[in-house]
file start-v4.pdb (PDB, C-alpha atoms, pLDDT in the B column)
ATOM      1  CA  ASP B 296     168.256  60.576 104.329  1.00 57.00           C
ATOM      2  CA  ALA B 297     167.855  64.167 103.238  1.00 63.00           C
ATOM      3  CA  LYS B 298     170.536  65.014 100.689  1.00 83.00           C
ATOM      4  CA  THR B 299     171.996  68.126  99.178  1.00 91.00           C
ATOM      5  CA  THR B 300     172.724  69.079  95.573  1.00 93.00           C
ATOM      6  CA  GLN B 301     175.496  71.471  94.601  1.00 95.00           C
ATOM      7  CA  PRO B 302     177.102  72.482  91.297  1.00 96.00           C
ATOM      8  CA  ASN B 303     180.316  70.611  90.611  1.00 95.00           C
ATOM      9  CA  SER B 304     182.396  73.729  90.079  1.00 97.00           C
ATOM     10  CA  MET B 305     182.275  77.505  90.047  1.00 97.00           C
ATOM     11  CA  GLU B 306     184.705  80.255  89.182  1.00 97.00           C
ATOM     12  CA  SER B 307     185.204  83.734  90.528  1.00 96.00           C
ATOM     13  CA  ASN B 308     187.583  86.626  90.240  1.00 96.00           C
ATOM     14  CA  GLU B 309     189.520  87.879  93.202  1.00 97.00           C
ATOM     15  CA  GLU B 310     187.754  90.506  95.342  1.00 96.00           C
ATOM     16  CA  GLU B 311     184.380  89.775  93.770  1.00 96.00           C
ATOM     17  CA  PRO B 312     181.454  88.287  95.699  1.00 96.00           C
ATOM     18  CA  VAL B 313     180.737  84.589  95.292  1.00 97.00           C
ATOM     19  CA  HIS B 314     177.362  82.916  95.740  1.00 98.00           C
ATOM     20  CA  LEU B 315     177.531  79.149  96.209  1.00 98.00           C
ATOM     21  CA  PRO B 316     174.101  77.493  95.930  1.00 97.00           C
ATOM     22  CA  CYS B 317     172.815  74.352  97.611  1.00 96.00           C
ATOM     23  CA  ASN B 318     169.490  72.584  97.145  1.00 95.00           C
ATOM     24  CA  HIS B 319     168.035  70.462  99.940  1.00 91.00           C
ATOM     25  CA  SER B 320     164.411  69.964  98.970  1.00 90.00           C
ATOM     26  CA  THR B 321     163.813  67.079 101.413  1.00 86.00           C
ATOM     27  CA  ILE B 322     165.120  68.910 104.468  1.00 88.00           C
ATOM     28  CA  SER B 323     163.244  68.238 107.695  1.00 83.00           C
ATOM     29  CA  GLY B 324     161.902  71.010 109.877  1.00 82.00           C
ATOM     30  CA  THR B 325     164.635  70.895 112.490  1.00 80.00           C
ATOM     31  CA  ASP B 326     167.645  69.990 110.350  1.00 85.00           C
ATOM     32  CA  TYR B 327     170.507  72.453 110.514  1.00 88.00           C
ATOM     33  CA  ILE B 328     172.323  73.508 107.341  1.00 91.00           C
ATOM     34  CA  HIS B 329     176.107  73.370 107.693  1.00 92.00           C
ATOM     35  CA  TRP B 330     178.794  74.533 105.295  1.00 95.00           C
ATOM     36  CA  TYR B 331     182.378  73.314 105.314  1.00 95.00           C
ATOM     37  CA  ARG B 332     185.280  73.917 103.013  1.00 96.00           C
ATOM     38  CA  GLN B 333     188.348  71.856 102.247  1.00 94.00           C
ATOM     39  CA  LEU B 334     191.571  73.471 101.158  1.00 93.00           C
ATOM     40  CA  PRO B 335     194.051  71.349  99.199  1.00 88.00           C
ATOM     41  CA  SER B 336     195.733  68.661 101.305  1.00 86.00           C
ATOM     42  CA  GLN B 337     193.816  69.623 104.440  1.00 91.00           C
ATOM     43  CA  GLY B 338     190.857  68.342 106.397  1.00 92.00           C
ATOM     44  CA  PRO B 339     187.515  70.112 106.023  1.00 93.00           C
ATOM     45  CA  GLU B 340     186.967  73.193 108.135  1.00 94.00           C
ATOM     46  CA  TYR B 341     183.714  74.580 109.429  1.00 93.00           C
ATOM     47  CA  VAL B 342     182.465  77.735 107.721  1.00 96.00           C
ATOM     48  CA  ILE B 343     178.969  78.519 108.948  1.00 95.00           C
ATOM     49  CA  HIS B 344     175.630  76.976 109.862  1.00 93.00           C
ATOM     50  CA  GLY B 345     172.002  78.025 110.177  1.00 92.00           C
ATOM     51  CA  LEU B 346     168.480  76.818 110.790  1.00 91.00           C
ATOM     52  CA  THR B 347     165.970  79.319 109.440  1.00 92.00           C
ATOM     53  CA  SER B 348     167.398  82.820 109.588  1.00 91.00           C
ATOM     54  CA  ASN B 349     170.253  84.251 107.592  1.00 93.00           C
ATOM     55  CA  VAL B 350     173.586  84.096 109.406  1.00 94.00           C
ATOM     56  CA  ASN B 351     176.791  86.090 109.235  1.00 95.00           C
ATOM     57  CA  ASN B 352     180.238  85.419 110.618  1.00 93.00           C
ATOM     58  CA  ARG B 353     183.752  86.567 109.907  1.00 90.00           C
ATOM     59  CA  MET B 354     184.184  84.057 107.092  1.00 89.00           C
ATOM     60  CA  ALA B 355     180.916  84.210 105.187  1.00 95.00           C
ATOM     61  CA  SER B 356     177.165  84.738 105.150  1.00 97.00           C
ATOM     62  CA  LEU B 357     174.484  82.102 104.826  1.00 98.00           C
ATOM     63  CA  ALA B 358     171.206  82.946 103.145  1.00 97.00           C
ATOM     64  CA  ILE B 359     168.422  80.422 103.713  1.00 96.00           C
ATOM     65  CA  ALA B 360     165.318  80.371 101.553  1.00 96.00           C
ATOM     66  CA  GLU B 361     162.019  80.959 103.293  1.00 94.00           C
ATOM     67  CA  ASP B 362     160.871  77.404 102.536  1.00 94.00           C
ATOM     68  CA  ARG B 363     164.346  76.110 103.602  1.00 94.00           C
ATOM     69  CA  LYS B 364     164.640  74.010 100.459  1.00 94.00           C
ATOM     70  CA  SER B 365     167.744  75.840  99.362  1.00 95.00           C
ATOM     71  CA  SER B 366     170.531  77.949 100.769  1.00 96.00           C
ATOM     72  CA  THR B 367     173.396  80.078  99.488  1.00 97.00           C
ATOM     73  CA  LEU B 368     176.834  80.559 100.955  1.00 98.00           C
ATOM     74  CA  ILE B 369     178.088  84.046 100.254  1.00 98.00           C
ATOM     75  CA  LEU B 370     181.756  85.001 100.247  1.00 97.00           C
ATOM     76  CA  HIS B 371     181.673  88.774 100.141  1.00 94.00           C
ATOM     77  CA  ARG B 372     185.107  89.323  98.613  1.00 95.00           C
ATOM     78  CA  ALA B 373     186.805  86.230  97.277  1.00 96.00           C
ATOM     79  CA  THR B 374     190.523  85.872  97.820  1.00 96.00           C
ATOM     80  CA  LEU B 375     192.924  83.349  96.336  1.00 96.00           C
ATOM     81  CA  ARG B 376     192.907  81.588  99.706  1.00 94.00           C
ATOM     82  CA  ASP B 377     189.185  80.886  99.274  1.00 96.00           C
ATOM     83  CA  ALA B 378     189.890  78.438  96.448  1.00 97.00           C
ATOM     84  CA  ALA B 379     188.612  75.176  97.911  1.00 96.00           C
ATOM     85  CA  VAL B 380     185.874  72.570  97.745  1.00 95.00           C
ATOM     86  CA  TYR B 381     182.768  73.774  99.557  1.00 97.00           C
ATOM     87  CA  TYR B 382     180.390  71.258 101.089  1.00 95.00           C
ATOM     88  CA  CYS B 383     176.797  71.882 102.082  1.00 94.00           C
ATOM     89  CA  ILE B 384     175.492  69.234 104.480  1.00 90.00           C
ATOM     90  CA  LEU B 385     172.489  68.747 106.729  1.00 87.00           C
ATOM     91  CA  ARG B 386     172.902  68.075 110.414  1.00 80.00           C
ATOM     92  CA  PHE B 387     170.028  65.810 111.303  1.00 72.00           C
ATOM     93  CA  SER B 388     167.968  66.362 114.398  1.00 63.00           C
ATOM     94  CA  GLY B 389     166.409  63.892 116.786  1.00 56.00           C
ATOM     95  CA  GLY B 390     169.567  62.032 117.706  1.00 52.00           C
ATOM     96  CA  TYR B 391     170.310  60.917 114.169  1.00 49.00           C
ATOM     97  CA  ASN B 392     173.930  61.850 113.874  1.00 57.00           C
ATOM     98  CA  LYS B 393     175.193  60.591 110.563  1.00 63.00           C
ATOM     99  CA  LEU B 394     176.753  63.426 108.636  1.00 69.00           C
ATOM    100  CA  ILE B 395     176.746  62.688 104.942  1.00 74.00           C
ATOM    101  CA  PHE B 396     178.930  64.776 102.661  1.00 79.00           C
ATOM    102  CA  GLY B 397     178.118  65.201  98.989  1.00 80.00           C
ATOM    103  CA  ALA B 398     180.667  65.886  96.257  1.00 83.00           C
ATOM    104  CA  GLY B 399     180.746  69.614  96.987  1.00 92.00           C
ATOM    105  CA  THR B 400     181.490  72.595  94.745  1.00 96.00           C
ATOM    106  CA  ARG B 401     185.054  73.243  93.651  1.00 96.00           C
ATOM    107  CA  LEU B 402     185.599  77.002  93.684  1.00 97.00           C
ATOM    108  CA  ALA B 403     188.371  78.451  91.536  1.00 97.00           C
ATOM    109  CA  VAL B 404     189.418  82.044  92.223  1.00 97.00           C
ATOM    110  CA  HIS B 405     191.261  83.919  89.495  1.00 97.00           C
ATOM    111  CA  PRO B 406     193.638  86.842  90.153  1.00 95.00           C
TER     112      PRO B 406
ATOM    113  CA  ASN C 293     194.814  73.211 122.489  1.00 62.00           C
ATOM    114  CA  ALA C 294     195.600  70.611 119.805  1.00 76.00           C
ATOM    115  CA  GLY C 295     192.017  69.942 118.646  1.00 94.00           C
ATOM    116  CA  VAL C 296     191.848  66.688 116.676  1.00 96.00           C
ATOM    117  CA  THR C 297     195.109  64.805 116.208  1.00 96.00           C
ATOM    118  CA  GLN C 298     195.521  61.853 113.872  1.00 97.00           C
ATOM    119  CA  THR C 299     198.419  59.417 113.891  1.00 97.00           C
ATOM    120  CA  PRO C 300     200.169  58.388 111.768  1.00 96.00           C
ATOM    121  CA  LYS C 301     200.163  60.985 109.004  1.00 95.00           C
ATOM    122  CA  PHE C 302     201.334  58.555 106.335  1.00 96.00           C
ATOM    123  CA  ARG C 303     201.488  54.784 106.091  1.00 96.00           C
ATOM    124  CA  VAL C 304     202.202  52.191 103.431  1.00 97.00           C
ATOM    125  CA  LEU C 305     200.857  48.682 103.935  1.00 97.00           C
ATOM    126  CA  LYS C 306     201.084  45.494 101.963  1.00 97.00           C
ATOM    127  CA  THR C 307     197.913  43.630 101.100  1.00 98.00           C
ATOM    128  CA  GLY C 308     196.789  41.529 104.048  1.00 97.00           C
ATOM    129  CA  GLN C 309     198.615  43.523 106.719  1.00 97.00           C
ATOM    130  CA  SER C 310     196.757  45.096 109.593  1.00 96.00           C
ATOM    131  CA  MET C 311     197.020  48.496 111.233  1.00 96.00           C
ATOM    132  CA  THR C 312     195.240  50.872 113.561  1.00 97.00           C
ATOM    133  CA  LEU C 313     194.703  54.576 112.985  1.00 97.00           C
ATOM    134  CA  LEU C 314     194.428  56.680 116.116  1.00 97.00           C
ATOM    135  CA  CYS C 315     192.306  59.776 116.542  1.00 98.00           C
ATOM    136  CA  ALA C 316     192.553  61.864 119.694  1.00 98.00           C
ATOM    137  CA  GLN C 317     190.578  64.968 120.616  1.00 97.00           C
ATOM    138  CA  ASP C 318     191.045  67.275 123.586  1.00 96.00           C
ATOM    139  CA  MET C 319     187.742  69.172 123.381  1.00 95.00           C
ATOM    140  CA  ASN C 320     185.704  66.720 125.477  1.00 95.00           C
ATOM    141  CA  HIS C 321     183.427  66.093 122.490  1.00 94.00           C
ATOM    142  CA  GLU C 322     180.843  63.346 122.712  1.00 93.00           C
ATOM    143  CA  TYR C 323     180.717  62.446 119.023  1.00 92.00           C
ATOM    144  CA  MET C 324     183.547  61.203 116.846  1.00 94.00           C
ATOM    145  CA  TYR C 325     183.627  60.135 113.200  1.00 93.00           C
ATOM    146  CA  TRP C 326     185.880  58.386 110.716  1.00 96.00           C
ATOM    147  CA  TYR C 327     185.648  59.361 107.032  1.00 94.00           C
ATOM    148  CA  ARG C 328     187.588  58.300 103.979  1.00 96.00           C
ATOM    149  CA  GLN C 329     188.231  60.436 100.940  1.00 94.00           C
ATOM    150  CA  ASP C 330     189.281  59.022  97.596  1.00 92.00           C
ATOM    151  CA  PRO C 331     190.880  61.190  94.885  1.00 84.00           C
ATOM    152  CA  GLY C 332     188.501  63.764  93.469  1.00 77.00           C
ATOM    153  CA  MET C 333     185.627  62.664  95.675  1.00 79.00           C
ATOM    154  CA  GLY C 334     183.844  63.880  98.752  1.00 82.00           C
ATOM    155  CA  LEU C 335     184.062  62.314 102.180  1.00 88.00           C
ATOM    156  CA  ARG C 336     182.321  59.042 102.954  1.00 90.00           C
ATOM    157  CA  LEU C 337     181.431  58.092 106.505  1.00 90.00           C
ATOM    158  CA  ILE C 338     182.952  54.799 107.678  1.00 94.00           C
ATOM    159  CA  HIS C 339     181.927  54.559 111.330  1.00 94.00           C
ATOM    160  CA  TYR C 340     180.929  56.974 114.029  1.00 91.00           C
ATOM    161  CA  SER C 341     180.470  57.073 117.794  1.00 92.00           C
ATOM    162  CA  VAL C 342     177.995  59.052 119.876  1.00 90.00           C
ATOM    163  CA  GLY C 343     179.752  58.394 123.166  1.00 92.00           C
ATOM    164  CA  GLU C 344     182.339  56.377 125.028  1.00 94.00           C
ATOM    165  CA  GLY C 345     181.796  52.667 124.508  1.00 94.00           C
ATOM    166  CA  THR C 346     179.407  53.089 121.563  1.00 93.00           C
ATOM    167  CA  THR C 347     179.980  52.781 117.816  1.00 95.00           C
ATOM    168  CA  ALA C 348     177.784  52.667 114.732  1.00 92.00           C
ATOM    169  CA  LYS C 349     178.189  51.948 111.028  1.00 92.00           C
ATOM    170  CA  GLY C 350     178.287  54.673 108.428  1.00 89.00           C
ATOM    171  CA  GLU C 351     178.040  54.498 104.642  1.00 87.00           C
ATOM    172  CA  VAL C 352     181.079  52.294 103.934  1.00 93.00           C
ATOM    173  CA  PRO C 353     181.893  50.206 107.049  1.00 96.00           C
ATOM    174  CA  ASP C 354     183.022  46.957 105.401  1.00 96.00           C
ATOM    175  CA  GLY C 355     186.640  46.029 106.061  1.00 96.00           C
ATOM    176  CA  TYR C 356     186.973  48.361 109.047  1.00 98.00           C
ATOM    177  CA  ASN C 357     186.449  48.060 112.770  1.00 97.00           C
ATOM    178  CA  VAL C 358     186.398  50.804 115.394  1.00 97.00           C
ATOM    179  CA  SER C 359     186.610  51.176 119.132  1.00 97.00           C
ATOM    180  CA  ARG C 360     185.863  54.027 121.538  1.00 97.00           C
ATOM    181  CA  LEU C 361     187.194  52.798 124.869  1.00 95.00           C
ATOM    182  CA  LYS C 362     188.013  56.303 126.053  1.00 96.00           C
ATOM    183  CA  LYS C 363     186.001  59.414 125.311  1.00 96.00           C
ATOM    184  CA  GLN C 364     188.951  61.244 123.826  1.00 97.00           C
ATOM    185  CA  ASN C 365     190.102  58.457 121.499  1.00 98.00           C
ATOM    186  CA  PHE C 366     188.526  56.805 118.462  1.00 98.00           C
ATOM    187  CA  LEU C 367     190.478  53.994 116.810  1.00 98.00           C
ATOM    188  CA  LEU C 368     190.009  52.746 113.258  1.00 98.00           C
ATOM    189  CA  GLY C 369     191.335  49.277 112.489  1.00 98.00           C
ATOM    190  CA  LEU C 370     192.032  47.499 109.243  1.00 96.00           C
ATOM    191  CA  GLU C 371     192.364  43.767 109.929  1.00 92.00           C
ATOM    192  CA  SER C 372     193.440  42.706 106.435  1.00 96.00           C
ATOM    193  CA  ALA C 373     194.269  45.667 104.226  1.00 96.00           C
ATOM    194  CA  ALA C 374     193.237  45.672 100.573  1.00 97.00           C
ATOM    195  CA  PRO C 375     194.305  48.005  97.739  1.00 96.00           C
ATOM    196  CA  SER C 376     190.725  49.351  97.666  1.00 95.00           C
ATOM    197  CA  GLN C 377     191.400  50.839 101.086  1.00 97.00           C
ATOM    198  CA  THR C 378     194.047  53.157  99.702  1.00 97.00           C
ATOM    199  CA  SER C 379     192.655  56.529 100.670  1.00 97.00           C
ATOM    200  CA  VAL C 380     192.999  59.552 102.912  1.00 97.00           C
ATOM    201  CA  TYR C 381     191.300  59.014 106.258  1.00 98.00           C
ATOM    202  CA  PHE C 382     189.874  61.889 108.264  1.00 97.00           C
ATOM    203  CA  CYS C 383     188.720  61.854 111.839  1.00 97.00           C
ATOM    204  CA  ALA C 384     186.316  64.426 113.227  1.00 94.00           C
ATOM    205  CA  SER C 385     184.661  65.218 116.536  1.00 94.00           C
ATOM    206  CA  SER C 386     181.780  67.362 117.718  1.00 91.00           C
ATOM    207  CA  TRP C 387     179.276  68.033 120.429  1.00 88.00           C
ATOM    208  CA  GLY C 388     176.013  66.187 119.979  1.00 77.00           C
ATOM    209  CA  ARG C 389     173.786  69.152 119.260  1.00 74.00           C
ATOM    210  CA  GLU C 390     172.589  69.578 115.675  1.00 72.00           C
ATOM    211  CA  SER C 391     174.051  73.069 115.614  1.00 77.00           C
ATOM    212  CA  SER C 392     177.517  71.893 116.624  1.00 84.00           C
ATOM    213  CA  PRO C 393     180.251  72.066 113.992  1.00 88.00           C
ATOM    214  CA  LEU C 394     182.598  69.197 113.271  1.00 90.00           C
ATOM    215  CA  HIS C 395     186.290  69.620 113.946  1.00 93.00           C
ATOM    216  CA  PHE C 396     188.512  67.622 111.597  1.00 95.00           C
ATOM    217  CA  GLY C 397     192.030  66.315 111.864  1.00 96.00           C
ATOM    218  CA  ASN C 398     194.567  66.740 109.081  1.00 93.00           C
ATOM    219  CA  GLY C 399     194.184  63.212 107.779  1.00 96.00           C
ATOM    220  CA  THR C 400     196.149  60.008 107.401  1.00 97.00           C
ATOM    221  CA  ARG C 401     197.270  59.076 103.905  1.00 96.00           C
ATOM    222  CA  LEU C 402     197.223  55.295 103.564  1.00 97.00           C
ATOM    223  CA  THR C 403     198.554  53.364 100.605  1.00 97.00           C
ATOM    224  CA  VAL C 404     197.978  49.618 100.294  1.00 97.00           C
ATOM    225  CA  THR C 405     200.169  47.880  97.728  1.00 97.00           C
TER     226      THR C 405
END
call {"tool": "encode", "arguments": {"input": "start-v4.pdb", "output": "structure tokens"}}
result
Amino acid sequence: DAKTTQPNSMESNEEEPVHLPCNHSTISGTDYIHWYRQLPSQGPEYVIHGLTSNVNNRMASLAIAEDRKSSTLILHRATLRDAAVYYCILRFSGGYNKLIFGAGTRLAVHP
Amino acid sequence: NAGVTQTPKFRVLKTGQSMTLLCAQDMNHEYMYWYRQDPGMGLRLIHYSVGEGTTAKGEVPDGYNVSRLKKQNFLLGLESAAPSQTSVYFCASSWGRESSPLHFGNGTRLTVT
């Protein structure tokens, strides 16, 4: 199974950009990269996903390396509400539908 | 539109007791999943289903059984609860495409004494 590697924790100041890295060196050609976040005492929520090209939505941007072996979730202006655990996971193609979460990155946002 | 609803929200069991956790989704999703999350850890996949009447094992299936008799419901059963099963349980659903996001419920906090 292709796995992902993320730093255990990161810190940011409010209203500053945050770049959350994820390594997935064994990614397969058609695997999608998904990001989720989990706020305290809540279930994970979808943030963004991509395949090859960079993606933007109202929550964040996803930058995918040209060789697809790494990606970066970008929060353009961190707020206190962005303090959460962020998970980078691979959505396997070809009918293989296990979704394996790693330990994620705990993001602390300081006022 | 309720999304993914889990019942109950909290439960305390004694060792050896049995219970069933219910997950219901109203988005007509094909795929449903049960995860557990222990303190300070990420989510671990227990069982999943790719359609009505089908189930498959995840990373940590021992001690749990599941059923998907109706497309909208995915049940997780504990036949003989053990303290090691104290955890927060999350259900999720999605379409089958690789680009489809998962939608999670708010969890069931289970304590086994």
call {"tool": "interface_residues", "arguments": {"input": "start-v4.pdb", "of": "chain B", "to": "chain C", "cutoff": "6 Å", "atoms": "only C-alpha atoms", "output": "list in words"}}
result
Gln337, Gly338, Arg386, Ser388, Phe396, Gly397 and Ala398 of chain B
call {"tool": "write_last_selection", "arguments": {"input": "start-v4.pdb", "atoms": "C-alpha atoms", "output": "compact mmCIF listing (two decimals), in the coordinates of the input"}}
result
# COMPACT_ATOMS: atom_id res chain seq x y z
CA GLN B 337 193.82 69.62 104.44
CA GLY B 338 190.86 68.34 106.40
CA ARG B 386 172.90 68.08 110.41
CA SER B 388 167.97 66.36 114.40
CA PHE B 396 178.93 64.78 102.66
CA GLY B 397 178.12 65.20 98.99
CA ALA B 398 180.67 65.89 96.26
call {"tool": "resolve_selection", "arguments": {"input": "start-v4.pdb", "expression": "the PyMOL selection byres ((chain C and resi 353-363) around 9)", "output": "PyMOL selection string"}}
result
chain C and resi 316-317+320-324+326+337-341+343-352+364-374+377
call {"tool": "write_last_selection", "arguments": {"input": "start-v4.pdb", "atoms": "C-alpha atoms", "output": "compact mmCIF listing (two decimals), in the coordinates of the input"}}
result
# COMPACT_ATOMS: atom_id res chain seq x y z
CA ALA C 316 192.55 61.86 119.69
CA GLN C 317 190.58 64.97 120.62
CA ASN C 320 185.70 66.72 125.48
CA HIS C 321 183.43 66.09 122.49
CA GLU C 322 180.84 63.35 122.71
CA TYR C 323 180.72 62.45 119.02
CA MET C 324 183.55 61.20 116.85
CA TRP C 326 185.88 58.39 110.72
CA LEU C 337 181.43 58.09 106.50
CA ILE C 338 182.95 54.80 107.68
CA HIS C 339 181.93 54.56 111.33
CA TYR C 340 180.93 56.97 114.03
CA SER C 341 180.47 57.07 117.79
CA GLY C 343 179.75 58.39 123.17
CA GLU C 344 182.34 56.38 125.03
CA GLY C 345 181.80 52.67 124.51
CA THR C 346 179.41 53.09 121.56
CA THR C 347 179.98 52.78 117.82
CA ALA C 348 177.78 52.67 114.73
CA LYS C 349 178.19 51.95 111.03
CA GLY C 350 178.29 54.67 108.43
CA GLU C 351 178.04 54.50 104.64
CA VAL C 352 181.08 52.29 103.93
CA GLN C 364 188.95 61.24 123.83
CA ASN C 365 190.10 58.46 121.50
CA PHE C 366 188.53 56.80 118.46
CA LEU C 367 190.48 53.99 116.81
CA LEU C 368 190.01 52.75 113.26
CA GLY C 369 191.34 49.28 112.49
CA LEU C 370 192.03 47.50 109.24
CA GLU C 371 192.36 43.77 109.93
CA SER C 372 193.44 42.71 106.44
CA ALA C 373 194.27 45.67 104.23
CA ALA C 374 193.24 45.67 100.57
CA GLN C 377 191.40 50.84 101.09
call {"tool": "residues_around", "arguments": {"input": "start-v4.pdb", "residues": "segment 375-379 of chain B", "least_positions_apart": "4", "cutoff": "12 Å", "atoms": "all atoms listed in the file", "output": "MDAnalysis selection string"}}
result
chainID B and resid 303:313 315 331:340 342 354:355 369:371 399:406
call {"tool": "axis_aligned_box", "arguments": {"input": "start-v4.pdb", "around": "segment 376-380 of chain B", "padding_each_side": "5 Å", "output": "AutoDock Vina command-line options"}}
result
--center_x 189.4 --center_y 77.1 --center_z 98.1 --size_x 17.0 --size_y 19.0 --size_z 13.3
call {"tool": "atom_distance", "arguments": {"input": "start-v4.pdb", "atom1": "atom CA of Asn351 of chain B", "atom2": "atom CA of Thr325 of chain B"}}
result
19.7 Å
call {"tool": "atom_distance", "arguments": {"input": "start-v4.pdb", "atom1": "atom CA of His319 of chain B", "atom2": "atom CA of Ser379 of chain C"}}
result
28.3 Å
call {"tool": "atom_distance", "arguments": {"input": "start-v4.pdb", "atom1": "atom CA of Leu313 of chain C", "atom2": "atom CA of Ser386 of chain C"}}
result
18.8 Å
call {"tool": "resolve_selection", "arguments": {"input": "start-v4.pdb", "expression": "the PyMOL selection byres ((chain B and resi 329) around 8)", "output": "list in words"}}
result
Tyr327, Ile328, Trp330, Tyr331, Tyr341, Val342, Ile343, His344, Gly345, Cys383, Ile384, Leu385 and Arg386 of chain B; Pro393 of chain C
call {"tool": "write_last_selection", "arguments": {"input": "start-v4.pdb", "atoms": "C-alpha atoms", "output": "JSON list (two decimals), in the frame of the given file"}}
result
[["chain", "number", "residue", "atom", "x", "y", "z"],
["B", 327, "TYR", "CA", 170.51, 72.45, 110.51],
["B", 328, "ILE", "CA", 172.32, 73.51, 107.34],
["B", 330, "TRP", "CA", 178.79, 74.53, 105.30],
["B", 331, "TYR", "CA", 182.38, 73.31, 105.31],
["B", 341, "TYR", "CA", 183.71, 74.58, 109.43],
["B", 342, "VAL", "CA", 182.46, 77.74, 107.72],
["B", 343, "ILE", "CA", 178.97, 78.52, 108.95],
["B", 344, "HIS", "CA", 175.63, 76.98, 109.86],
["B", 345, "GLY", "CA", 172.00, 78.03, 110.18],
["B", 383, "CYS", "CA", 176.80, 71.88, 102.08],
["B", 384, "ILE", "CA", 175.49, 69.23, 104.48],
["B", 385, "LEU", "CA", 172.49, 68.75, 106.73],
["B", 386, "ARG", "CA", 172.90, 68.08, 110.41],
["C", 393, "PRO", "CA", 180.25, 72.07, 113.99]]
call {"tool": "closest_residue", "arguments": {"input": "start-v4.pdb", "among": "C:Asp318, C:Val404, C:Asp330, C:Thr307", "to": "Gly295 of chain C", "atoms": "all atoms listed in the file"}}
result
C:Asp318
